[in-house]
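Asker: I am sharing target_30.pdb, which consists of PDB, C-alpha atoms:
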ATOM      1  CA  ARG D   1     250.467 156.469 198.733  1.00  0.00           C
ATOM      2  CA  GLY D   2     251.244 158.391 195.550  1.00  0.00           C
ATOM      3  CA  GLU D   3     251.964 161.641 197.391  1.00  0.00           C
ATOM      4  CA  ALA D   4     255.544 161.967 196.120  1.00  0.00           C
ATOM      5  CA  THR D   5     256.968 161.879 192.629  1.00  0.00           C
ATOM      6  CA  VAL D   6     259.541 159.294 191.580  1.00  0.00           C
ATOM      7  CA  ALA D   7     262.147 162.078 191.530  1.00  0.00           C
ATOM      8  CA  GLN D   8     261.263 163.069 195.100  1.00  0.00           C
ATOM      9  CA  GLU D   9     261.500 159.442 196.223  1.00  0.00           C
ATOM     10  CA  HIS D  10     264.935 159.063 194.620  1.00  0.00           C
ATOM     11  CA  PHE D  11     266.167 162.323 196.158  1.00  0.00           C
ATOM     12  CA  ALA D  12     264.945 161.266 199.609  1.00  0.00           C
ATOM     13  CA  THR D  13     266.544 157.836 199.205  1.00  0.00           C
ATOM     14  CA  GLN D  14     269.931 159.340 198.320  1.00  0.00           C
ATOM     15  CA  PHE D  15     269.691 161.789 201.233  1.00  0.00           C
ATOM     16  CA  ILE D  16     268.901 158.942 203.646  1.00  0.00           C
ATOM     17  CA  ARG D  17     271.679 156.755 202.198  1.00  0.00           C
ATOM     18  CA  ALA D  18     274.238 159.504 202.834  1.00  0.00           C
ATOM     19  CA  ARG D  19     273.060 159.958 206.434  1.00  0.00           C
ATOM     20  CA  LEU D  20     273.118 156.219 207.102  1.00  0.00           C
ATOM     21  CA  ASP D  21     276.628 155.969 205.670  1.00  0.00           C
ATOM     22  CA  THR D  22     277.758 158.734 208.027  1.00  0.00           C
ATOM     23  CA  LEU D  23     276.135 156.998 211.006  1.00  0.00           C
ATOM     24  CA  SER D  24     277.692 153.678 210.072  1.00  0.00           C
ATOM     25  CA  ARG D  25     281.201 155.132 210.127  1.00  0.00           C
ATOM     26  CA  GLN D  26     280.702 156.382 213.696  1.00  0.00           C
ATOM     27  CA  PHE D  27     280.640 152.820 215.074  1.00  0.00           C
ATOM     28  CA  PRO D  28     283.782 150.922 214.097  1.00  0.00           C
ATOM     29  CA  ALA D  29     283.362 147.177 214.459  1.00  0.00           C
ATOM     30  CA  PRO D  30     286.199 145.116 215.917  1.00  0.00           C
ATOM     31  CA  ARG D  31     288.010 143.000 213.317  1.00  0.00           C
ATOM     32  CA  THR D  32     287.336 139.932 215.444  1.00  0.00           C
ATOM     33  CA  ALA D  33     283.573 140.543 215.553  1.00  0.00           C
ATOM     34  CA  PRO D  34     281.318 138.080 213.735  1.00  0.00           C
ATOM     35  CA  THR D  35     280.632 139.094 210.135  1.00  0.00           C
ATOM     36  CA  VAL D  36     277.105 139.760 208.929  1.00  0.00           C
ATOM     37  CA  LEU D  37     276.582 139.818 205.171  1.00  0.00           C
ATOM     38  CA  LEU D  38     273.689 142.103 204.219  1.00  0.00           C
ATOM     39  CA  THR D  39     272.166 141.869 200.764  1.00  0.00           C
ATOM     40  CA  CYS D  40     269.071 142.292 198.704  1.00  0.00           C
ATOM     41  CA  LEU D  41     267.964 139.340 196.619  1.00  0.00           C
ATOM     42  CA  PRO D  42     268.172 139.269 192.821  1.00  0.00           C
ATOM     43  CA  GLY D  43     265.743 141.774 191.312  1.00  0.00           C
ATOM     44  CA  GLU D  44     265.279 143.656 194.598  1.00  0.00           C
ATOM     45  CA  ARG D  45     266.159 147.341 194.185  1.00  0.00           C
ATOM     46  CA  HIS D  46     264.810 148.764 197.472  1.00  0.00           C
ATOM     47  CA  GLU D  47     267.649 148.803 199.996  1.00  0.00           C
ATOM     48  CA  VAL D  48     267.068 151.593 202.521  1.00  0.00           C
ATOM     49  CA  ALA D  49     265.746 149.243 205.217  1.00  0.00           C
ATOM     50  CA  LEU D  50     268.779 147.008 204.687  1.00  0.00           C
ATOM     51  CA  LEU D  51     271.082 150.032 205.046  1.00  0.00           C
ATOM     52  CA  MET D  52     269.358 150.879 208.319  1.00  0.00           C
ATOM     53  CA  LEU D  53     269.886 147.290 209.447  1.00  0.00           C
ATOM     54  CA  ALA D  54     273.595 147.527 208.567  1.00  0.00           C
ATOM     55  CA  VAL D  55     273.968 150.594 210.806  1.00  0.00           C
ATOM     56  CA  LEU D  56     272.184 148.878 213.697  1.00  0.00           C
ATOM     57  CA  VAL D  57     274.240 145.693 213.279  1.00  0.00           C
ATOM     58  CA  ARG D  58     277.463 147.737 213.406  1.00  0.00           C
ATOM     59  CA  HIS D  59     276.170 149.624 216.457  1.00  0.00           C
ATOM     60  CA  ARG D  60     275.638 146.204 218.112  1.00  0.00           C
ATOM     61  CA  GLY D  61     279.356 145.451 217.677  1.00  0.00           C
ATOM     62  CA  LEU D  62     279.073 143.093 214.731  1.00  0.00           C
ATOM     63  CA  ARG D  63     280.958 143.524 211.448  1.00  0.00           C
ATOM     64  CA  PRO D  64     278.552 144.243 208.576  1.00  0.00           C
ATOM     65  CA  VAL D  65     279.521 143.660 204.967  1.00  0.00           C
ATOM     66  CA  TYR D  66     276.959 145.383 202.774  1.00  0.00           C
ATOM     67  CA  LEU D  67     276.448 144.113 199.214  1.00  0.00           C
ATOM     68  CA  GLY D  68     273.418 146.242 198.336  1.00  0.00           C
ATOM     69  CA  ALA D  69     270.620 145.797 195.837  1.00  0.00           C
ATOM     70  CA  ASP D  70     269.977 143.140 193.198  1.00  0.00           C
ATOM     71  CA  VAL D  71     272.743 140.661 194.061  1.00  0.00           C
ATOM     72  CA  PRO D  72     272.836 137.272 192.254  1.00  0.00           C
ATOM     73  CA  LEU D  73     272.492 134.225 194.529  1.00  0.00           C
ATOM     74  CA  ASP D  74     275.831 132.736 193.446  1.00  0.00           C
ATOM     75  CA  THR D  75     277.559 136.004 194.412  1.00  0.00           C
ATOM     76  CA  ILE D  76     275.909 135.936 197.835  1.00  0.00           C
ATOM     77  CA  VAL D  77     276.989 132.330 198.420  1.00  0.00           C
ATOM     78  CA  ARG D  78     280.571 132.909 197.230  1.00  0.00           C
ATOM     79  CA  THR D  79     280.938 136.044 199.361  1.00  0.00           C
ATOM     80  CA  ALA D  80     279.470 134.326 202.433  1.00  0.00           C
ATOM     81  CA  LEU D  81     282.027 131.527 202.083  1.00  0.00           C
ATOM     82  CA  ASP D  82     284.967 133.837 201.366  1.00  0.00           C
ATOM     83  CA  LEU D  83     284.407 136.037 204.453  1.00  0.00           C
ATOM     84  CA  PRO D  84     283.269 133.674 206.217  1.00  0.00           C
ATOM     85  CA  ALA D  85     279.947 135.192 207.259  1.00  0.00           C
ATOM     86  CA  ALA D  86     278.228 134.173 210.477  1.00  0.00           C
ATOM     87  CA  VAL D  87     274.864 135.466 209.248  1.00  0.00           C
ATOM     88  CA  ILE D  88     273.523 136.355 205.829  1.00  0.00           C
ATOM     89  CA  ALA D  89     270.699 138.876 206.149  1.00  0.00           C
ATOM     90  CA  VAL D  90     268.461 139.233 203.095  1.00  0.00           C
ATOM     91  CA  HIS D  91     265.733 141.763 202.444  1.00  0.00           C
ATOM     92  CA  ALA D  92     262.900 141.721 199.935  1.00  0.00           C
ATOM     93  CA  LEU D  93     259.708 143.518 199.008  1.00  0.00           C
ATOM     94  CA  ALA D  94     258.588 141.187 196.204  1.00  0.00           C
ATOM     95  CA  PRO D  95     256.464 138.153 197.119  1.00  0.00           C
ATOM     96  CA  GLU D  96     258.517 135.942 194.758  1.00  0.00           C
ATOM     97  CA  ALA D  97     261.472 136.312 197.120  1.00  0.00           C
ATOM     98  CA  GLY D  98     260.473 133.316 199.237  1.00  0.00           C
ATOM     99  CA  ALA D  99     261.704 130.787 196.691  1.00  0.00           C
ATOM    100  CA  LEU D 100     265.022 132.634 196.410  1.00  0.00           C
ATOM    101  CA  VAL D 101     265.503 132.668 200.189  1.00  0.00           C
ATOM    102  CA  ARG D 102     264.779 128.949 200.358  1.00  0.00           C
ATOM    103  CA  ASP D 103     267.289 128.273 197.530  1.00  0.00           C
ATOM    104  CA  LEU D 104     269.943 130.438 199.194  1.00  0.00           C
ATOM    105  CA  ALA D 105     269.486 128.837 202.615  1.00  0.00           C
ATOM    106  CA  THR D 106     269.553 125.348 201.119  1.00  0.00           C
ATOM    107  CA  GLN D 107     272.780 126.041 199.201  1.00  0.00           C
ATOM    108  CA  LEU D 108     274.492 127.550 202.217  1.00  0.00           C
ATOM    109  CA  THR D 109     273.440 124.785 204.607  1.00  0.00           C
ATOM    110  CA  SER D 110     275.499 122.274 202.664  1.00  0.00           C
ATOM    111  CA  LEU D 111     278.549 124.579 202.463  1.00  0.00           C
ATOM    112  CA  SER D 112     278.660 126.695 205.604  1.00  0.00           C
ATOM    113  CA  PRO D 113     277.458 126.956 209.215  1.00  0.00           C
ATOM    114  CA  ALA D 114     276.188 130.501 208.480  1.00  0.00           C
ATOM    115  CA  SER D 115     272.574 131.344 209.282  1.00  0.00           C
ATOM    116  CA  VAL D 116     270.274 132.970 206.741  1.00  0.00           C
ATOM    117  CA  VAL D 117     267.950 135.596 208.220  1.00  0.00           C
ATOM    118  CA  TYR D 118     265.258 137.065 206.001  1.00  0.00           C
ATOM    119  CA  GLY D 119     262.888 139.985 206.335  1.00  0.00           C
ATOM    120  CA  GLY D 120     261.028 142.727 204.598  1.00  0.00           C
ATOM    121  CA  PRO D 121     257.486 143.373 203.392  1.00  0.00           C
ATOM    122  CA  ALA D 122     257.553 140.251 201.199  1.00  0.00           C
ATOM    123  CA  PHE D 123     257.450 138.148 204.364  1.00  0.00           C
ATOM    124  CA  ASP D 124     255.600 140.301 206.891  1.00  0.00           C
ATOM    125  CA  PRO D 125     252.020 139.507 207.933  1.00  0.00           C
ATOM    126  CA  PRO D 126     249.527 139.180 206.396  1.00  0.00           C
ATOM    127  CA  ALA D 127     251.774 137.434 203.841  1.00  0.00           C
ATOM    128  CA  PRO D 128     251.098 133.714 203.816  1.00  0.00           C
ATOM    129  CA  ALA D 129     253.422 131.577 205.904  1.00  0.00           C
ATOM    130  CA  GLN D 130     256.068 129.938 203.762  1.00  0.00           C
ATOM    131  CA  ASP D 131     258.386 127.013 204.269  1.00  0.00           C
ATOM    132  CA  LEU D 132     261.780 128.619 203.718  1.00  0.00           C
ATOM    133  CA  GLY D 133     263.795 125.637 204.839  1.00  0.00           C
ATOM    134  CA  PRO D 134     266.600 126.454 207.260  1.00  0.00           C
ATOM    135  CA  ALA D 135     266.195 130.238 206.919  1.00  0.00           C
ATOM    136  CA  VAL D 136     265.103 132.257 209.983  1.00  0.00           C
ATOM    137  CA  TYR D 137     262.494 135.024 209.883  1.00  0.00           C
ATOM    138  CA  GLY D 138     263.904 138.236 211.383  1.00  0.00           C
ATOM    139  CA  GLY D 139     260.494 139.601 212.352  1.00  0.00           C
ATOM    140  CA  THR D 140     258.470 142.650 211.459  1.00  0.00           C
ATOM    141  CA  SER D 141     260.797 145.258 212.984  1.00  0.00           C
ATOM    142  CA  LEU D 142     264.412 146.289 212.566  1.00  0.00           C
ATOM    143  CA  ASN D 143     264.964 145.847 216.300  1.00  0.00           C
ATOM    144  CA  GLY D 144     263.658 142.285 216.136  1.00  0.00           C
ATOM    145  CA  ALA D 145     265.900 141.542 213.167  1.00  0.00           C
ATOM    146  CA  VAL D 146     268.946 142.963 214.986  1.00  0.00           C
ATOM    147  CA  GLU D 147     268.199 140.810 218.042  1.00  0.00           C
ATOM    148  CA  THR D 148     267.892 137.680 215.884  1.00  0.00           C
ATOM    149  CA  ILE D 149     271.041 138.468 213.896  1.00  0.00           C
ATOM    150  CA  ASP D 150     273.044 139.272 217.028  1.00  0.00           C
ATOM    151  CA  ARG D 151     272.010 136.026 218.734  1.00  0.00           C
ATOM    152  CA  LEU D 152     272.818 133.881 215.690  1.00  0.00           C
ATOM    153  CA  ALA D 153     276.103 135.689 214.954  1.00  0.00           C
ATOM    154  CA  ARG D 154     277.373 135.189 218.484  1.00  0.00           C
ATOM    155  CA  GLN D 155     276.513 131.462 218.331  1.00  0.00           C
ATOM    156  CA  PHE D 156     278.443 131.053 215.061  1.00  0.00           C
ATOM    157  CA  THR D 157     281.376 128.661 215.010  1.00  0.00           C
ATOM    158  CA  PRO D 158     283.422 128.883 211.818  1.00  0.00           C
ATOM    159  CA  VAL D 159     284.496 125.709 210.101  1.00  0.00           C
ATOM    160  CA  THR D 160     288.229 125.235 210.438  1.00  0.00           C
ATOM    161  CA  SER D 161     290.349 122.971 208.325  1.00  0.00           C
ATOM    162  CA  GLY D 162     291.696 119.999 210.198  1.00  0.00           C
ATOM    163  CA  GLY D 163     294.846 119.671 208.120  1.00  0.00           C
ATOM    164  CA  THR D 164     298.372 120.205 209.330  1.00  0.00           C
ATOM    165  CA  ALA D 165     301.034 122.416 207.789  1.00  0.00           C
TER     166      ALA D 165
END
Before anything else, please render the file you have as C-alpha coordinates.

Answerer:
Amino acid sequence: RGEATVAQEHFATQFIRARLDTLSRQFPAPRTAPTVLLTCLPGERHEVALLMLAVLVRHRGLRPVYLGADVPLDTIVRTALDLPAAVIAVHALAPEAGALVRDLATQLTSLSPASVVYGGPAFDPPAPAQDLGPAVYGGTSLNGAVETIDRLARQFTPVTSGGTA
(Lines of atoms letter the chains of each structure in order from A and count residues from 1; the text may use other names and numbers.)
(Lines give C-alpha, C1' and ligand atoms only; values in the text may rest on other atoms or scores of the structure.)
Protein backbone atom coordinates (compact mmCIF):
# COMPACT_ATOMS: atom_id res chain seq x y z
CA ARG A 1 0.00 0.00 0.00
CA GLY A 2 3.05 2.27 -0.06
CA GLU A 3 2.97 2.89 3.69
CA ALA A 4 6.46 1.50 4.34
CA THR A 5 9.79 2.30 2.77
CA VAL A 6 11.85 -0.36 1.00
CA ALA A 7 14.29 -0.24 3.92
CA GLN A 8 11.47 -0.86 6.40
CA GLU A 9 10.20 -3.77 4.32
CA HIS A 10 13.67 -5.34 4.20
CA PHE A 11 14.16 -4.87 7.95
CA ALA A 12 10.78 -6.47 8.68
CA THR A 13 11.54 -9.35 6.32
CA GLN A 14 14.86 -10.09 8.03
CA PHE A 15 13.22 -9.89 11.47
CA ILE A 16 10.50 -12.33 10.38
CA ARG A 17 13.05 -14.67 8.76
CA ALA A 18 14.99 -14.89 12.02
CA ARG A 19 11.84 -15.66 14.02
CA LEU A 20 10.72 -18.31 11.54
CA ASP A 21 14.15 -19.93 11.64
CA THR A 22 13.93 -20.11 15.43
CA LEU A 23 10.44 -21.63 15.26
CA SER A 24 11.55 -24.16 12.67
CA ARG A 25 14.32 -25.47 14.91
CA GLN A 26 11.83 -26.17 17.71
CA PHE A 27 10.18 -28.98 15.72
CA PRO A 28 12.73 -31.60 14.69
CA ALA A 29 11.47 -33.81 11.89
CA PRO A 30 12.15 -37.54 12.00
CA ARG A 31 14.78 -38.67 9.48
CA THR A 32 12.29 -41.17 8.11
CA ALA A 33 9.62 -38.53 7.47
CA PRO A 34 8.73 -37.73 3.85
CA THR A 35 10.83 -34.91 2.41
CA VAL A 36 9.21 -31.73 1.15
CA LEU A 37 11.35 -29.51 -1.07
CA LEU A 38 10.33 -25.85 -0.75
CA THR A 39 11.49 -23.34 -3.33
CA CYS A 40 10.71 -20.15 -5.12
CA LEU A 41 10.73 -20.24 -8.90
CA PRO A 42 13.40 -18.53 -11.01
CA GLY A 43 13.13 -14.75 -10.69
CA GLU A 44 10.97 -14.94 -7.55
CA ARG A 45 12.59 -13.04 -4.67
CA HIS A 46 9.70 -12.96 -2.16
CA GLU A 47 10.08 -15.94 0.16
CA VAL A 48 8.51 -15.12 3.54
CA ALA A 49 5.31 -17.07 2.83
CA LEU A 50 7.42 -20.05 1.76
CA LEU A 51 9.43 -19.81 5.00
CA MET A 52 6.17 -19.84 6.94
CA LEU A 53 5.11 -22.92 4.98
CA ALA A 54 8.41 -24.63 5.82
CA VAL A 55 7.78 -24.10 9.55
CA LEU A 56 4.24 -25.47 9.29
CA VAL A 57 5.39 -28.48 7.25
CA ARG A 58 8.02 -29.29 9.89
CA HIS A 59 5.42 -28.85 12.65
CA ARG A 60 3.28 -31.43 10.78
CA GLY A 61 6.11 -33.97 11.11
CA LEU A 62 7.41 -33.78 7.57
CA ARG A 63 11.04 -33.06 6.65
CA PRO A 64 11.35 -29.71 4.85
CA VAL A 65 14.34 -28.88 2.68
CA TYR A 66 14.28 -25.16 1.98
CA LEU A 67 16.04 -23.86 -1.14
CA GLY A 68 14.85 -20.25 -0.94
CA ALA A 69 14.41 -17.55 -3.55
CA ASP A 70 15.19 -17.47 -7.27
CA VAL A 71 16.14 -21.13 -7.83
CA PRO A 72 16.76 -22.36 -11.41
CA LEU A 73 14.41 -25.13 -12.59
CA ASP A 74 17.25 -27.57 -13.30
CA THR A 75 18.48 -27.12 -9.71
CA ILE A 76 15.00 -27.83 -8.36
CA VAL A 77 14.70 -30.99 -10.47
CA ARG A 78 18.18 -32.27 -9.58
CA THR A 79 17.63 -31.63 -5.86
CA ALA A 80 14.20 -33.29 -5.92
CA LEU A 81 15.74 -36.41 -7.47
CA ASP A 82 18.78 -36.47 -5.18
CA LEU A 83 16.74 -36.30 -1.94
CA PRO A 84 14.29 -37.91 -3.13
CA ALA A 85 11.50 -35.45 -2.41
CA ALA A 86 7.92 -36.60 -1.93
CA VAL A 87 6.56 -33.12 -2.67
CA ILE A 88 8.04 -30.05 -4.32
CA ALA A 89 6.27 -26.93 -3.08
CA VAL A 90 6.76 -23.81 -5.21
CA HIS A 91 5.71 -20.26 -4.48
CA ALA A 92 5.33 -17.29 -6.79
CA LEU A 93 3.99 -13.76 -6.92
CA ALA A 94 4.60 -13.10 -10.63
CA PRO A 95 1.88 -14.09 -13.11
CA GLU A 96 4.51 -15.54 -15.49
CA ALA A 97 5.14 -18.31 -12.97
CA GLY A 98 2.43 -20.57 -14.40
CA ALA A 99 4.53 -21.62 -17.38
CA LEU A 100 7.46 -22.41 -15.09
CA VAL A 101 5.30 -24.55 -12.80
CA ARG A 102 3.95 -26.46 -15.79
CA ASP A 103 7.51 -27.02 -17.11
CA LEU A 104 8.74 -28.17 -13.69
CA ALA A 105 5.82 -30.55 -13.15
CA THR A 106 6.20 -31.99 -16.64
CA GLN A 107 9.93 -32.61 -16.18
CA LEU A 108 9.45 -34.24 -12.80
CA THR A 109 6.57 -36.46 -13.92
CA SER A 110 8.86 -38.31 -16.29
CA LEU A 111 11.64 -38.69 -13.68
CA SER A 112 10.04 -39.02 -10.27
CA PRO A 113 6.82 -39.90 -8.42
CA ALA A 114 7.07 -36.59 -6.50
CA SER A 115 4.09 -34.23 -6.53
CA VAL A 116 4.44 -30.56 -7.42
CA VAL A 117 2.28 -28.25 -5.30
CA TYR A 118 2.10 -24.59 -6.25
CA GLY A 119 0.73 -21.51 -4.55
CA GLY A 120 1.07 -17.82 -4.00
CA PRO A 121 -0.56 -14.64 -5.28
CA ALA A 122 0.35 -15.50 -8.88
CA PHE A 123 -2.23 -18.29 -8.76
CA ASP A 124 -4.83 -17.08 -6.27
CA PRO A 125 -8.26 -15.86 -7.41
CA PRO A 126 -9.10 -13.76 -9.30
CA ALA A 127 -6.11 -14.95 -11.37
CA PRO A 128 -7.30 -16.79 -14.45
CA ALA A 129 -7.42 -20.56 -14.20
CA GLN A 130 -4.41 -22.14 -15.84
CA ASP A 131 -3.63 -25.61 -17.08
CA LEU A 132 -0.51 -26.46 -15.10
CA GLY A 133 -0.38 -30.08 -16.14
CA PRO A 134 0.19 -32.52 -13.28
CA ALA A 135 0.85 -29.79 -10.69
CA VAL A 136 -1.59 -29.40 -7.76
CA TYR A 137 -2.87 -26.04 -6.51
CA GLY A 138 -2.23 -25.70 -2.76
CA GLY A 139 -5.08 -23.23 -2.23
CA THR A 140 -5.35 -19.68 -1.02
CA SER A 141 -4.19 -20.28 2.56
CA LEU A 142 -1.11 -21.68 4.25
CA ASN A 143 -3.28 -24.14 6.17
CA GLY A 144 -4.80 -25.42 2.93
CA ALA A 145 -1.35 -25.80 1.40
CA VAL A 146 -0.09 -27.72 4.46
CA GLU A 147 -3.07 -30.08 4.28
CA THR A 148 -2.46 -30.73 0.57
CA ILE A 149 1.28 -31.22 1.04
CA ASP A 150 0.80 -33.51 4.04
CA ARG A 151 -1.71 -35.70 2.17
CA LEU A 152 0.49 -36.00 -0.93
CA ALA A 153 3.70 -36.57 1.08
CA ARG A 154 2.17 -39.41 3.06
CA GLN A 155 0.93 -41.07 -0.16
CA PHE A 156 4.42 -40.90 -1.70
CA THR A 157 6.11 -44.15 -2.65
CA PRO A 158 9.75 -43.70 -3.63
CA VAL A 159 11.06 -45.45 -6.70
CA THR A 160 13.44 -48.22 -5.71
CA SER A 161 15.94 -49.87 -7.97
CA GLY A 162 15.09 -53.44 -8.79
CA GLY A 163 18.68 -54.57 -9.22
CA THR A 164 20.52 -57.02 -7.04
CA ALA A 165 23.89 -56.56 -5.37

Asker: Considering only C-alpha atoms, return as a count of residues only whatever protein or nucleic-acid residues lie within 9 Å of Phe156 of chain D, sequence-local ones (same chain, fewer than 4 positions apart) excluded.

Answerer: 9

Asker: Run the PyMOL selection byres ((chain D and resi 38) around 6) against the file shown and list the residues it catches, as a PyMOL selection string.

Answerer: chain D and resi 37+39+66+88-89

Asker: Evaluated on this file, the PyMOL selection byres ((chain D and resi 58) around 10) picks out some residues - which ones are they, written as a PDB file with C-alpha atoms, keeping the file's coordinate frame?

Answerer:
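What follows is the written file part_3.pdb:
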ATOM      1  CA  LEU D  23     276.135 156.998 211.006  1.00  0.00           C
ATOM      2  CA  SER D  24     277.692 153.678 210.072  1.00  0.00           C
ATOM      3  CA  ARG D  25     281.201 155.132 210.127  1.00  0.00           C
ATOM      4  CA  GLN D  26     280.702 156.382 213.696  1.00  0.00           C
ATOM      5  CA  PHE D  27     280.640 152.820 215.074  1.00  0.00           C
ATOM      6  CA  PRO D  28     283.782 150.922 214.097  1.00  0.00           C
ATOM      7  CA  ALA D  29     283.362 147.177 214.459  1.00  0.00           C
ATOM      8  CA  PRO D  30     286.199 145.116 215.917  1.00  0.00           C
ATOM      9  CA  ALA D  33     283.573 140.543 215.553  1.00  0.00           C
ATOM     10  CA  THR D  35     280.632 139.094 210.135  1.00  0.00           C
ATOM     11  CA  VAL D  36     277.105 139.760 208.929  1.00  0.00           C
ATOM     12  CA  LEU D  53     269.886 147.290 209.447  1.00  0.00           C
ATOM     13  CA  ALA D  54     273.595 147.527 208.567  1.00  0.00           C
ATOM     14  CA  VAL D  55     273.968 150.594 210.806  1.00  0.00           C
ATOM     15  CA  LEU D  56     272.184 148.878 213.697  1.00  0.00           C
ATOM     16  CA  VAL D  57     274.240 145.693 213.279  1.00  0.00           C
ATOM     17  CA  HIS D  59     276.170 149.624 216.457  1.00  0.00           C
ATOM     18  CA  ARG D  60     275.638 146.204 218.112  1.00  0.00           C
ATOM     19  CA  GLY D  61     279.356 145.451 217.677  1.00  0.00           C
ATOM     20  CA  LEU D  62     279.073 143.093 214.731  1.00  0.00           C
ATOM     21  CA  ARG D  63     280.958 143.524 211.448  1.00  0.00           C
ATOM     22  CA  PRO D  64     278.552 144.243 208.576  1.00  0.00           C
ATOM     23  CA  VAL D  65     279.521 143.660 204.967  1.00  0.00           C
ATOM     24  CA  VAL D 146     268.946 142.963 214.986  1.00  0.00           C
TER      25      VAL D 146
END

Asker: Which residues, named as in the file, does the PyMOL selection byres ((chain D and resi 94) around 10) pick out? Answer as a PDB file with C-alpha atoms, keeping the file's coordinate frame.

Answerer:
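The resulting file, expr12.pdb, is reproduced below:
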ATOM      1  CA  LEU D  41     267.964 139.340 196.619  1.00  0.00           C
ATOM      2  CA  GLY D  43     265.743 141.774 191.312  1.00  0.00           C
ATOM      3  CA  GLU D  44     265.279 143.656 194.598  1.00  0.00           C
ATOM      4  CA  ARG D  45     266.159 147.341 194.185  1.00  0.00           C
ATOM      5  CA  HIS D  46     264.810 148.764 197.472  1.00  0.00           C
ATOM      6  CA  HIS D  91     265.733 141.763 202.444  1.00  0.00           C
ATOM      7  CA  ALA D  92     262.900 141.721 199.935  1.00  0.00           C
ATOM      8  CA  LEU D  93     259.708 143.518 199.008  1.00  0.00           C
ATOM      9  CA  PRO D  95     256.464 138.153 197.119  1.00  0.00           C
ATOM     10  CA  GLU D  96     258.517 135.942 194.758  1.00  0.00           C
ATOM     11  CA  ALA D  97     261.472 136.312 197.120  1.00  0.00           C
ATOM     12  CA  GLY D  98     260.473 133.316 199.237  1.00  0.00           C
ATOM     13  CA  GLY D 120     261.028 142.727 204.598  1.00  0.00           C
ATOM     14  CA  PRO D 121     257.486 143.373 203.392  1.00  0.00           C
ATOM     15  CA  ALA D 122     257.553 140.251 201.199  1.00  0.00           C
ATOM     16  CA  PHE D 123     257.450 138.148 204.364  1.00  0.00           C
TER      17      PHE D 123
END

Asker: What does the distance between atom CA of Arg1 of chain D and atom CA of Leu51 of chain D come to in Å, to one decimal place?

Answerer: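 It comes out at 22.5 Å.
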
Asker: Any idea what the distance is between atom CA of Val101 of chain D and atom CA of Val117 of chain D?

Answerer: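 Computing it gives 8.9 Å between the two atoms.
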
Asker: Taking every listed atom of segment 85-89 of chain D and adding 4 Å to each side, what centre and edge lengths in Å (one decimal) does the axis-aligned box have, as AutoDock Vina command-line options?

Answerer:
--center_x 275.3 --center_y 136.5 --center_z 208.2 --size_x 17.2 --size_y 12.7 --size_z 12.6

Asker: Do you have, as CSV, the list of residues of segment 14-97 of chain D lying at most 9 Å from segment 108-111 of chain D, each with its nearest atom pair and that distance in Å to one decimal, counting only C-alpha atoms and ordered by chain then number?

Answerer:
residue,atom,partner,partner_atom,distance
D:Val77,CA,D:Leu108,CA,6.6
D:Ala80,CA,D:Leu108,CA,8.4
D:Leu81,CA,D:Leu111,CA,7.8

Asker: Store the residues of this selection in a file with C-alpha atoms, as a PDB file, in the frame of the given file.

Answerer:
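The resulting file, selection.pdb, is reproduced below:
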ATOM      1  CA  VAL D  77     276.989 132.330 198.420  1.00  0.00           C
ATOM      2  CA  ALA D  80     279.470 134.326 202.433  1.00  0.00           C
ATOM      3  CA  LEU D  81     282.027 131.527 202.083  1.00  0.00           C
TER       4      LEU D  81
END

Asker: Figure out the distance between atom CA of Glu47 of chain D and atom CA of Ala129 of chain D, please, to one decimal in Å.

Answerer: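 These two atoms are separated by 23.1 Å.
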
Asker: Please provide the set of residues having any atom within 6 Å of segment 132-144 of chain D, restricted to all atoms listed in the file, with same-chain residues fewer than 5 positions apart removed, written as a PDB file with C-alpha atoms, keeping the file's coordinate frame.

Answerer:
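In the end it all went to out_21.pdb:
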ATOM      1  CA  ARG D 102     264.779 128.949 200.358  1.00  0.00           C
ATOM      2  CA  ALA D 105     269.486 128.837 202.615  1.00  0.00           C
ATOM      3  CA  VAL D 116     270.274 132.970 206.741  1.00  0.00           C
ATOM      4  CA  VAL D 117     267.950 135.596 208.220  1.00  0.00           C
ATOM      5  CA  TYR D 118     265.258 137.065 206.001  1.00  0.00           C
ATOM      6  CA  GLY D 119     262.888 139.985 206.335  1.00  0.00           C
ATOM      7  CA  ASP D 124     255.600 140.301 206.891  1.00  0.00           C
TER       8      ASP D 124
END
